>>> print(open('start32.cif').read())   # mmCIF, N, CA and C atoms; chains and numbers go by the auth columns
data_upload
loop_
_atom_site.group_PDB
_atom_site.id
_atom_site.type_symbol
_atom_site.label_atom_id
_atom_site.label_comp_id
_atom_site.label_asym_id
_atom_site.label_seq_id
_atom_site.Cartn_x
_atom_site.Cartn_y
_atom_site.Cartn_z
_atom_site.B_iso_or_equiv
_atom_site.auth_seq_id
_atom_site.auth_asym_id
ATOM 1 N N MET A 1 86.468 -11.158 -80.409 0.00 235 A
ATOM 2 C CA MET A 1 85.044 -10.921 -80.383 0.00 235 A
ATOM 3 C C MET A 1 84.677 -9.568 -80.962 0.00 235 A
ATOM 4 N N GLY A 2 85.541 -8.606 -80.721 0.00 236 A
ATOM 5 C CA GLY A 2 85.310 -7.326 -81.350 0.00 236 A
ATOM 6 C C GLY A 2 84.655 -6.262 -80.483 0.00 236 A
ATOM 7 N N TYR A 3 84.548 -6.471 -79.179 0.00 237 A
ATOM 8 C CA TYR A 3 84.005 -5.420 -78.331 0.00 237 A
ATOM 9 C C TYR A 3 85.104 -4.421 -78.029 0.00 237 A
ATOM 10 N N PRO A 4 84.739 -3.131 -77.948 0.00 238 A
ATOM 11 C CA PRO A 4 85.767 -2.098 -77.775 0.00 238 A
ATOM 12 C C PRO A 4 86.484 -2.151 -76.429 0.00 238 A
ATOM 13 N N THR A 5 85.837 -2.681 -75.404 0.00 239 A
ATOM 14 C CA THR A 5 86.449 -2.742 -74.087 0.00 239 A
ATOM 15 C C THR A 5 86.879 -4.163 -73.786 0.00 239 A
ATOM 16 N N GLN A 6 88.130 -4.293 -73.358 0.00 240 A
ATOM 17 C CA GLN A 6 88.684 -5.596 -72.990 0.00 240 A
ATOM 18 C C GLN A 6 89.237 -5.466 -71.576 0.00 240 A
ATOM 19 N N VAL A 7 88.887 -6.424 -70.709 0.00 241 A
ATOM 20 C CA VAL A 7 89.283 -6.315 -69.307 0.00 241 A
ATOM 21 C C VAL A 7 89.590 -7.705 -68.759 0.00 241 A
ATOM 22 N N SER A 8 90.519 -7.773 -67.813 0.00 242 A
ATOM 23 C CA SER A 8 90.846 -9.064 -67.197 0.00 242 A
ATOM 24 C C SER A 8 89.690 -9.517 -66.313 0.00 242 A
ATOM 25 N N ALA A 9 89.581 -10.817 -66.115 0.00 243 A
ATOM 26 C CA ALA A 9 88.511 -11.376 -65.293 0.00 243 A
ATOM 27 C C ALA A 9 88.560 -10.828 -63.871 0.00 243 A
ATOM 28 N N THR A 10 89.748 -10.685 -63.328 0.00 244 A
ATOM 29 C CA THR A 10 89.900 -10.168 -61.967 0.00 244 A
ATOM 30 C C THR A 10 89.361 -8.750 -61.863 0.00 244 A
ATOM 31 N N THR A 11 89.752 -7.892 -62.808 0.00 245 A
ATOM 32 C CA THR A 11 89.284 -6.506 -62.806 0.00 245 A
ATOM 33 C C THR A 11 87.781 -6.444 -63.041 0.00 245 A
ATOM 34 N N PHE A 12 87.289 -7.282 -63.937 0.00 246 A
ATOM 35 C CA PHE A 12 85.851 -7.324 -64.223 0.00 246 A
ATOM 36 C C PHE A 12 85.072 -7.663 -62.949 0.00 246 A
ATOM 37 N N ALA A 13 85.538 -8.659 -62.207 0.00 247 A
ATOM 38 C CA ALA A 13 84.858 -9.069 -60.977 0.00 247 A
ATOM 39 C C ALA A 13 84.895 -7.965 -59.921 0.00 247 A
ATOM 40 N N LYS A 14 86.028 -7.303 -59.800 0.00 248 A
ATOM 41 C CA LYS A 14 86.180 -6.255 -58.781 0.00 248 A
ATOM 42 C C LYS A 14 85.376 -5.005 -59.113 0.00 248 A
ATOM 43 N N GLU A 15 85.225 -4.709 -60.404 0.00 249 A
ATOM 44 C CA GLU A 15 84.570 -3.477 -60.837 0.00 249 A
ATOM 45 C C GLU A 15 83.361 -3.777 -61.712 0.00 249 A
ATOM 46 N N PHE A 16 82.577 -4.779 -61.310 0.00 250 A
ATOM 47 C CA PHE A 16 81.446 -5.221 -62.124 0.00 250 A
ATOM 48 C C PHE A 16 80.518 -4.079 -62.521 0.00 250 A
ATOM 49 N N GLY A 17 80.144 -3.239 -61.581 0.00 251 A
ATOM 50 C CA GLY A 17 79.214 -2.143 -61.865 0.00 251 A
ATOM 51 C C GLY A 17 79.690 -1.247 -62.995 0.00 251 A
ATOM 52 N N LYS A 18 80.965 -0.931 -62.982 0.00 252 A
ATOM 53 C CA LYS A 18 81.557 -0.079 -64.024 0.00 252 A
ATOM 54 C C LYS A 18 81.431 -0.746 -65.391 0.00 252 A
ATOM 55 N N TYR A 19 81.774 -2.032 -65.448 0.00 253 A
ATOM 56 C CA TYR A 19 81.765 -2.722 -66.736 0.00 253 A
ATOM 57 C C TYR A 19 80.362 -3.107 -67.187 0.00 253 A
ATOM 58 N N ARG A 20 79.443 -3.260 -66.238 0.00 254 A
ATOM 59 C CA ARG A 20 78.035 -3.463 -66.594 0.00 254 A
ATOM 60 C C ARG A 20 77.529 -2.233 -67.334 0.00 254 A
ATOM 61 N N ASP A 21 77.832 -1.057 -66.801 0.00 255 A
ATOM 62 C CA ASP A 21 77.425 0.192 -67.441 0.00 255 A
ATOM 63 C C ASP A 21 78.102 0.352 -68.795 0.00 255 A
ATOM 64 N N GLU A 22 79.374 -0.006 -68.874 0.00 256 A
ATOM 65 C CA GLU A 22 80.117 0.079 -70.142 0.00 256 A
ATOM 66 C C GLU A 22 79.471 -0.813 -71.196 0.00 256 A
ATOM 67 N N ALA A 23 79.045 -2.001 -70.799 0.00 257 A
ATOM 68 C CA ALA A 23 78.412 -2.932 -71.744 0.00 257 A
ATOM 69 C C ALA A 23 77.110 -2.360 -72.282 0.00 257 A
ATOM 70 N N MET A 24 76.375 -1.662 -71.443 0.00 258 A
ATOM 71 C CA MET A 24 75.111 -1.077 -71.887 0.00 258 A
ATOM 72 C C MET A 24 75.345 0.001 -72.942 0.00 258 A
ATOM 73 N N VAL A 25 76.464 0.706 -72.834 0.00 259 A
ATOM 74 C CA VAL A 25 76.785 1.784 -73.781 0.00 259 A
ATOM 75 C C VAL A 25 77.400 1.222 -75.069 0.00 259 A
ATOM 76 N N SER A 26 78.373 0.315 -74.913 0.00 260 A
ATOM 77 C CA SER A 26 79.137 -0.139 -76.082 0.00 260 A
ATOM 78 C C SER A 26 78.630 -1.443 -76.692 0.00 260 A
ATOM 79 N N GLY A 27 77.724 -2.125 -75.996 0.00 261 A
ATOM 80 C CA GLY A 27 77.222 -3.395 -76.505 0.00 261 A
ATOM 81 C C GLY A 27 77.803 -4.586 -75.781 0.00 261 A
ATOM 82 N N GLY A 28 79.038 -4.472 -75.312 0.00 262 A
ATOM 83 C CA GLY A 28 79.636 -5.592 -74.600 0.00 262 A
ATOM 84 C C GLY A 28 81.036 -5.314 -74.125 0.00 262 A
ATOM 85 N N VAL A 29 81.483 -6.152 -73.213 0.00 263 A
ATOM 86 C CA VAL A 29 82.831 -6.068 -72.664 0.00 263 A
ATOM 87 C C VAL A 29 83.457 -7.449 -72.788 0.00 263 A
ATOM 88 N N GLU A 30 84.616 -7.510 -73.419 0.00 264 A
ATOM 89 C CA GLU A 30 85.336 -8.777 -73.551 0.00 264 A
ATOM 90 C C GLU A 30 86.129 -9.033 -72.279 0.00 264 A
ATOM 91 N N VAL A 31 85.999 -10.237 -71.732 0.00 265 A
ATOM 92 C CA VAL A 31 86.686 -10.601 -70.494 0.00 265 A
ATOM 93 C C VAL A 31 87.814 -11.568 -70.843 0.00 265 A
ATOM 94 N N THR A 32 89.002 -11.298 -70.291 0.00 266 A
ATOM 95 C CA THR A 32 90.171 -12.111 -70.607 0.00 266 A
ATOM 96 C C THR A 32 90.757 -12.760 -69.352 0.00 266 A
ATOM 97 N N SER A 33 91.541 -13.792 -69.586 0.00 267 A
ATOM 98 C CA SER A 33 92.309 -14.426 -68.527 0.00 267 A
ATOM 99 C C SER A 33 93.684 -14.728 -69.104 0.00 267 A
ATOM 100 N N HIS A 34 94.700 -14.223 -68.456 0.00 268 A
ATOM 101 C CA HIS A 34 96.077 -14.383 -68.944 0.00 268 A
ATOM 102 C C HIS A 34 96.214 -13.906 -70.390 0.00 268 A
ATOM 103 N N GLY A 35 95.512 -12.810 -70.701 0.00 269 A
ATOM 104 C CA GLY A 35 95.616 -12.194 -72.016 0.00 269 A
ATOM 105 C C GLY A 35 94.793 -12.846 -73.114 0.00 269 A
ATOM 106 N N ARG A 36 94.034 -13.905 -72.778 0.00 270 A
ATOM 107 C CA ARG A 36 93.218 -14.593 -73.792 0.00 270 A
ATOM 108 C C ARG A 36 91.735 -14.388 -73.491 0.00 270 A
ATOM 109 N N PRO A 37 90.926 -14.153 -74.520 0.00 271 A
ATOM 110 C CA PRO A 37 89.485 -14.000 -74.298 0.00 271 A
ATOM 111 C C PRO A 37 88.877 -15.282 -73.711 0.00 271 A
ATOM 112 N N ILE A 38 88.046 -15.107 -72.684 0.00 272 A
ATOM 113 C CA ILE A 38 87.363 -16.260 -72.094 0.00 272 A
ATOM 114 C C ILE A 38 85.849 -16.095 -72.123 0.00 272 A
ATOM 115 N N GLY A 39 85.385 -14.922 -72.491 0.00 273 A
ATOM 116 C CA GLY A 39 83.947 -14.686 -72.539 0.00 273 A
ATOM 117 C C GLY A 39 83.660 -13.212 -72.701 0.00 273 A
ATOM 118 N N ALA A 40 82.388 -12.876 -72.539 0.00 274 A
ATOM 119 C CA ALA A 40 81.989 -11.481 -72.673 0.00 274 A
ATOM 120 C C ALA A 40 80.751 -11.219 -71.834 0.00 274 A
ATOM 121 N N TYR A 41 80.607 -9.997 -71.421 0.00 275 A
ATOM 122 C CA TYR A 41 79.394 -9.536 -70.768 0.00 275 A
ATOM 123 C C TYR A 41 78.726 -8.617 -71.767 0.00 275 A
ATOM 124 N N ILE A 42 77.487 -8.951 -72.161 0.00 276 A
ATOM 125 C CA ILE A 42 76.840 -8.188 -73.224 0.00 276 A
ATOM 126 C C ILE A 42 75.598 -7.469 -72.719 0.00 276 A
ATOM 127 N N SER A 43 75.210 -6.447 -73.460 0.00 277 A
ATOM 128 C CA SER A 43 74.027 -5.668 -73.124 0.00 277 A
ATOM 129 C C SER A 43 72.768 -6.471 -73.443 0.00 277 A
ATOM 130 N N LEU A 44 71.657 -6.022 -72.909 0.00 278 A
ATOM 131 C CA LEU A 44 70.383 -6.671 -73.184 0.00 278 A
ATOM 132 C C LEU A 44 70.081 -6.634 -74.682 0.00 278 A
ATOM 133 N N LYS A 45 70.389 -5.524 -75.334 0.00 279 A
ATOM 134 C CA LYS A 45 70.147 -5.401 -76.780 0.00 279 A
ATOM 135 C C LYS A 45 70.960 -6.458 -77.543 0.00 279 A
ATOM 136 N N GLU A 46 72.218 -6.656 -77.163 0.00 280 A
ATOM 137 C CA GLU A 46 73.055 -7.679 -77.805 0.00 280 A
ATOM 138 C C GLU A 46 72.519 -9.076 -77.523 0.00 280 A
ATOM 139 N N LEU A 47 72.044 -9.308 -76.309 0.00 281 A
ATOM 140 C CA LEU A 47 71.473 -10.605 -75.952 0.00 281 A
ATOM 141 C C LEU A 47 70.239 -10.902 -76.791 0.00 281 A
ATOM 142 N N GLU A 48 69.371 -9.923 -76.952 0.00 282 A
ATOM 143 C CA GLU A 48 68.168 -10.111 -77.772 0.00 282 A
ATOM 144 C C GLU A 48 68.550 -10.399 -79.218 0.00 282 A
ATOM 145 N N ASN A 49 69.566 -9.708 -79.726 0.00 283 A
ATOM 146 C CA ASN A 49 70.035 -9.950 -81.086 0.00 283 A
ATOM 147 C C ASN A 49 70.595 -11.371 -81.213 0.00 283 A
ATOM 148 N N TYR A 50 71.376 -11.801 -80.234 0.00 284 A
ATOM 149 C CA TYR A 50 71.929 -13.149 -80.230 0.00 284 A
ATOM 150 C C TYR A 50 70.813 -14.197 -80.238 0.00 284 A
ATOM 151 N N GLU A 51 69.812 -14.015 -79.388 0.00 285 A
ATOM 152 C CA GLU A 51 68.710 -14.968 -79.316 0.00 285 A
ATOM 153 C C GLU A 51 67.928 -15.014 -80.628 0.00 285 A
ATOM 154 N N ARG A 52 67.738 -13.858 -81.272 0.00 286 A
ATOM 155 C CA ARG A 52 67.050 -13.812 -82.564 0.00 286 A
ATOM 156 C C ARG A 52 67.834 -14.584 -83.617 0.00 286 A
ATOM 157 N N LEU A 53 69.150 -14.393 -83.633 0.00 287 A
ATOM 158 C CA LEU A 53 69.984 -15.101 -84.601 0.00 287 A
ATOM 159 C C LEU A 53 70.002 -16.604 -84.342 0.00 287 A
ATOM 160 N N LYS A 54 70.025 -17.004 -83.080 0.00 288 A
ATOM 161 C CA LYS A 54 70.003 -18.429 -82.747 0.00 288 A
ATOM 162 C C LYS A 54 68.724 -19.093 -83.255 0.00 288 A
ATOM 163 N N LYS A 55 67.613 -18.378 -83.194 0.00 289 A
ATOM 164 C CA LYS A 55 66.344 -18.932 -83.682 0.00 289 A
ATOM 165 C C LYS A 55 66.364 -19.123 -85.196 0.00 289 A
ATOM 166 N N GLN A 56 67.186 -18.350 -85.892 0.00 290 A
ATOM 167 C CA GLN A 56 67.240 -18.420 -87.345 0.00 290 A
ATOM 168 C C GLN A 56 68.228 -19.458 -87.864 0.00 290 A
ATOM 169 N N GLU A 57 68.977 -20.093 -86.960 0.00 291 A
ATOM 170 C CA GLU A 57 69.942 -21.092 -87.401 0.00 291 A
ATOM 171 C C GLU A 57 69.228 -22.241 -88.095 0.00 291 A
ATOM 172 N N ARG A 58 69.899 -22.791 -89.046 0.00 292 A
ATOM 173 C CA ARG A 58 69.322 -23.927 -89.761 0.00 292 A
ATOM 174 C C ARG A 58 69.585 -25.206 -88.990 0.00 292 A
ATOM 175 N N ARG A 59 68.644 -26.091 -89.075 0.00 293 A
ATOM 176 C CA ARG A 59 68.770 -27.387 -88.433 0.00 293 A
ATOM 177 C C ARG A 59 69.301 -28.367 -89.478 0.00 293 A
ATOM 178 N N VAL A 60 70.284 -29.153 -89.109 0.00 294 A
ATOM 179 C CA VAL A 60 70.888 -30.128 -90.013 0.00 294 A
ATOM 180 C C VAL A 60 70.103 -31.425 -89.935 0.00 294 A
ATOM 181 N N ILE A 61 69.744 -31.934 -91.101 0.00 295 A
ATOM 182 C CA ILE A 61 69.065 -33.224 -91.182 0.00 295 A
ATOM 183 C C ILE A 61 69.891 -34.110 -92.104 0.00 295 A
ATOM 184 N N HIS A 62 70.270 -35.262 -91.627 0.00 296 A
ATOM 185 C CA HIS A 62 71.024 -36.212 -92.441 0.00 296 A
ATOM 186 C C HIS A 62 70.069 -36.996 -93.330 0.00 296 A
ATOM 187 N N ALA A 63 70.519 -37.335 -94.523 0.00 297 A
ATOM 188 C CA ALA A 63 69.692 -38.097 -95.462 0.00 297 A
ATOM 189 C C ALA A 63 69.193 -39.396 -94.816 0.00 297 A
ATOM 190 N N ARG A 64 70.005 -40.010 -93.991 0.00 298 A
ATOM 191 C CA ARG A 64 69.597 -41.277 -93.353 0.00 298 A
ATOM 192 C C ARG A 64 68.427 -41.090 -92.400 0.00 298 A
ATOM 193 N N ASP A 65 68.180 -39.844 -91.960 0.00 299 A
ATOM 194 C CA ASP A 65 67.098 -39.570 -91.021 0.00 299 A
ATOM 195 C C ASP A 65 65.816 -39.090 -91.699 0.00 299 A
ATOM 196 N N MET A 66 65.845 -38.946 -93.034 0.00 300 A
ATOM 197 C CA MET A 66 64.676 -38.447 -93.762 0.00 300 A
ATOM 198 C C MET A 66 63.730 -39.586 -94.112 0.00 300 A
ATOM 199 N N ASP A 67 62.443 -39.226 -94.165 0.00 301 A
ATOM 200 C CA ASP A 67 61.479 -40.218 -94.618 0.00 301 A
ATOM 201 C C ASP A 67 61.579 -40.336 -96.139 0.00 301 A
ATOM 202 N N ASP A 68 61.025 -41.385 -96.692 0.00 302 A
ATOM 203 C CA ASP A 68 61.136 -41.657 -98.130 0.00 302 A
ATOM 204 C C ASP A 68 60.536 -40.549 -98.983 0.00 302 A
ATOM 205 N N GLU A 69 59.425 -39.967 -98.534 0.00 303 A
ATOM 206 C CA GLU A 69 58.755 -38.920 -99.305 0.00 303 A
ATOM 207 C C GLU A 69 59.641 -37.676 -99.434 0.00 303 A
ATOM 208 N N THR A 70 60.248 -37.258 -98.339 0.00 304 A
ATOM 209 C CA THR A 70 61.125 -36.080 -98.354 0.00 304 A
ATOM 210 C C THR A 70 62.356 -36.342 -99.202 0.00 304 A
ATOM 211 N N LEU A 71 62.956 -37.499 -99.031 0.00 305 A
ATOM 212 C CA LEU A 71 64.137 -37.853 -99.801 0.00 305 A
ATOM 213 C C LEU A 71 63.827 -37.903 -101.294 0.00 305 A
ATOM 214 N N SER A 72 62.681 -38.455 -101.652 0.00 306 A
ATOM 215 C CA SER A 72 62.259 -38.520 -103.052 0.00 306 A
ATOM 216 C C SER A 72 62.043 -37.120 -103.623 0.00 306 A
ATOM 217 N N ALA A 73 61.431 -36.240 -102.836 0.00 307 A
ATOM 218 C CA ALA A 73 61.196 -34.862 -103.293 0.00 307 A
ATOM 219 C C ALA A 73 62.506 -34.155 -103.583 0.00 307 A
ATOM 220 N N ILE A 74 63.503 -34.379 -102.751 0.00 308 A
ATOM 221 C CA ILE A 74 64.812 -33.763 -102.977 0.00 308 A
ATOM 222 C C ILE A 74 65.476 -34.353 -104.217 0.00 308 A
ATOM 223 N N MET A 75 65.422 -35.661 -104.349 0.00 309 A
ATOM 224 C CA MET A 75 66.061 -36.337 -105.488 0.00 309 A
ATOM 225 C C MET A 75 65.434 -35.925 -106.822 0.00 309 A
ATOM 226 N N ASN A 76 64.133 -35.611 -106.811 0.00 310 A
ATOM 227 C CA ASN A 76 63.429 -35.269 -108.049 0.00 310 A
ATOM 228 C C ASN A 76 63.279 -33.767 -108.271 0.00 310 A
ATOM 229 N N ALA A 77 63.873 -32.973 -107.398 0.00 311 A
ATOM 230 C CA ALA A 77 63.760 -31.517 -107.528 0.00 311 A
ATOM 231 C C ALA A 77 64.529 -31.031 -108.750 0.00 311 A
ATOM 232 N N GLU A 78 64.021 -29.956 -109.348 0.00 312 A
ATOM 233 C CA GLU A 78 64.676 -29.335 -110.495 0.00 312 A
ATOM 234 C C GLU A 78 65.097 -27.926 -110.123 0.00 312 A
ATOM 235 N N TYR A 79 66.317 -27.574 -110.484 0.00 313 A
ATOM 236 C CA TYR A 79 66.861 -26.251 -110.189 0.00 313 A
ATOM 237 C C TYR A 79 65.990 -25.173 -110.801 0.00 313 A
ATOM 238 N N GLY A 80 65.638 -24.175 -110.014 0.00 314 A
ATOM 239 C CA GLY A 80 64.876 -23.028 -110.484 0.00 314 A
ATOM 240 C C GLY A 80 63.382 -23.267 -110.577 0.00 314 A
ATOM 241 N N LYS A 81 62.918 -24.444 -110.219 0.00 315 A
ATOM 242 C CA LYS A 81 61.503 -24.751 -110.296 0.00 315 A
ATOM 243 C C LYS A 81 60.956 -24.883 -108.886 0.00 315 A
ATOM 244 N N ALA A 82 59.916 -24.102 -108.572 0.00 316 A
ATOM 245 C CA ALA A 82 59.332 -24.142 -107.223 0.00 316 A
ATOM 246 C C ALA A 82 58.591 -25.453 -107.013 0.00 316 A
ATOM 247 N N SER A 83 58.639 -25.960 -105.807 0.00 317 A
ATOM 248 C CA SER A 83 57.921 -27.194 -105.501 0.00 317 A
ATOM 249 C C SER A 83 56.435 -26.895 -105.398 0.00 317 A
ATOM 250 N N GLU A 84 55.658 -27.905 -105.629 0.00 318 A
ATOM 251 C CA GLU A 84 54.199 -27.716 -105.619 0.00 318 A
ATOM 252 C C GLU A 84 53.603 -28.177 -104.322 0.00 318 A
#
>>> encode(input="start32.cif", output="structure tokens")
Amino acid sequence: MGYPTQVSATTFAKEFGKYRDEAMVSGGVEVTSHGRPIGAYISLKELENYERLKKQERRVIHARDMDDETLSAIMNAEYGKASE
């Protein structure tokens, strides 16, 4: 994940306050179990950034789900020419 602090789940649970504060400073704390990442505790700023990025994700539409007008517009589109 790339957060500077990595801590076991047991330690994270026992010392939550410490790692909550660490997340606010560094952006997040990676939580592990048996040496493998299982999640992260992130700061409010990181959460807001995550939510903003999620809103920008593209929605996938299959050709079979498109109406005829949309499908026709795509089929007749020309590269470099703006649609009207």
>>> closest_residue(input="start32.cif", among="A:Asp302, A:Ile295, A:Gln240, A:Ser277", to="Val259 of chain A", atoms="all atoms listed in the file")
A:Ser277
>>> resolve_selection(input="start32.cif", expression="the PyMOL selection byres (((chain A and resi 278 and name CA) around 12) and name CA)", output="ChimeraX atom specification")
/A:254-255,257-262,275-277,279-285
>>> atom_distance(input="start32.cif", atom1="atom C of Val263 of chain A", atom2="atom C of Glu291 of chain A")
25.6 Å
>>> select_by_dssp(input="start32.cif", residues="chain A", states="alpha helix (DSSP H)", output="ChimeraX atom specification")
/A:243-248,250-260,278-289,302-309
>>> resolve_selection(input="start32.cif", expression="the PyMOL selection byres ((chain A and resi 267) around 7)", output="list in words")
Val241, Ser242, Ala243, Thr244, Val265, Thr266, His268, Gly269, Arg270, Pro271, Ile272 and Gly273 of chain A
>>> atom_distance(input="start32.cif", atom1="atom CA of Val294 of chain A", atom2="atom CA of Ala311 of chain A")
19.0 Å
>>> resolve_selection(input="start32.cif", expression="the PyMOL selection byres ((chain A and resi 236) around 8)", output="count of residues only")
7
>>> select_by_dssp(input="start32.cif", residues="chain A", states="strand (DSSP E or B)", output="list of chain:residue names")
A:Thr239, A:Gln240, A:Val241, A:Ser242, A:Gly262, A:Val263, A:Glu264, A:Val265, A:Thr266, A:Ser267, A:Arg270, A:Pro271, A:Ile272, A:Gly273, A:Ala274, A:Tyr275, A:Ile276
>>> atom_distance(input="start32.cif", atom1="atom CA of Ala274 of chain A", atom2="atom CA of Phe250 of chain A")
12.3 Å
>>> axis_aligned_box(input="start32.cif", around="segment 278-292 of chain A", padding_each_side="5 Å", output="JSON")
{"center_x": 69.7, "center_y": -15.3, "center_z": -81.3, "size_x": 16.7, "size_y": 29.8, "size_z": 26.9}
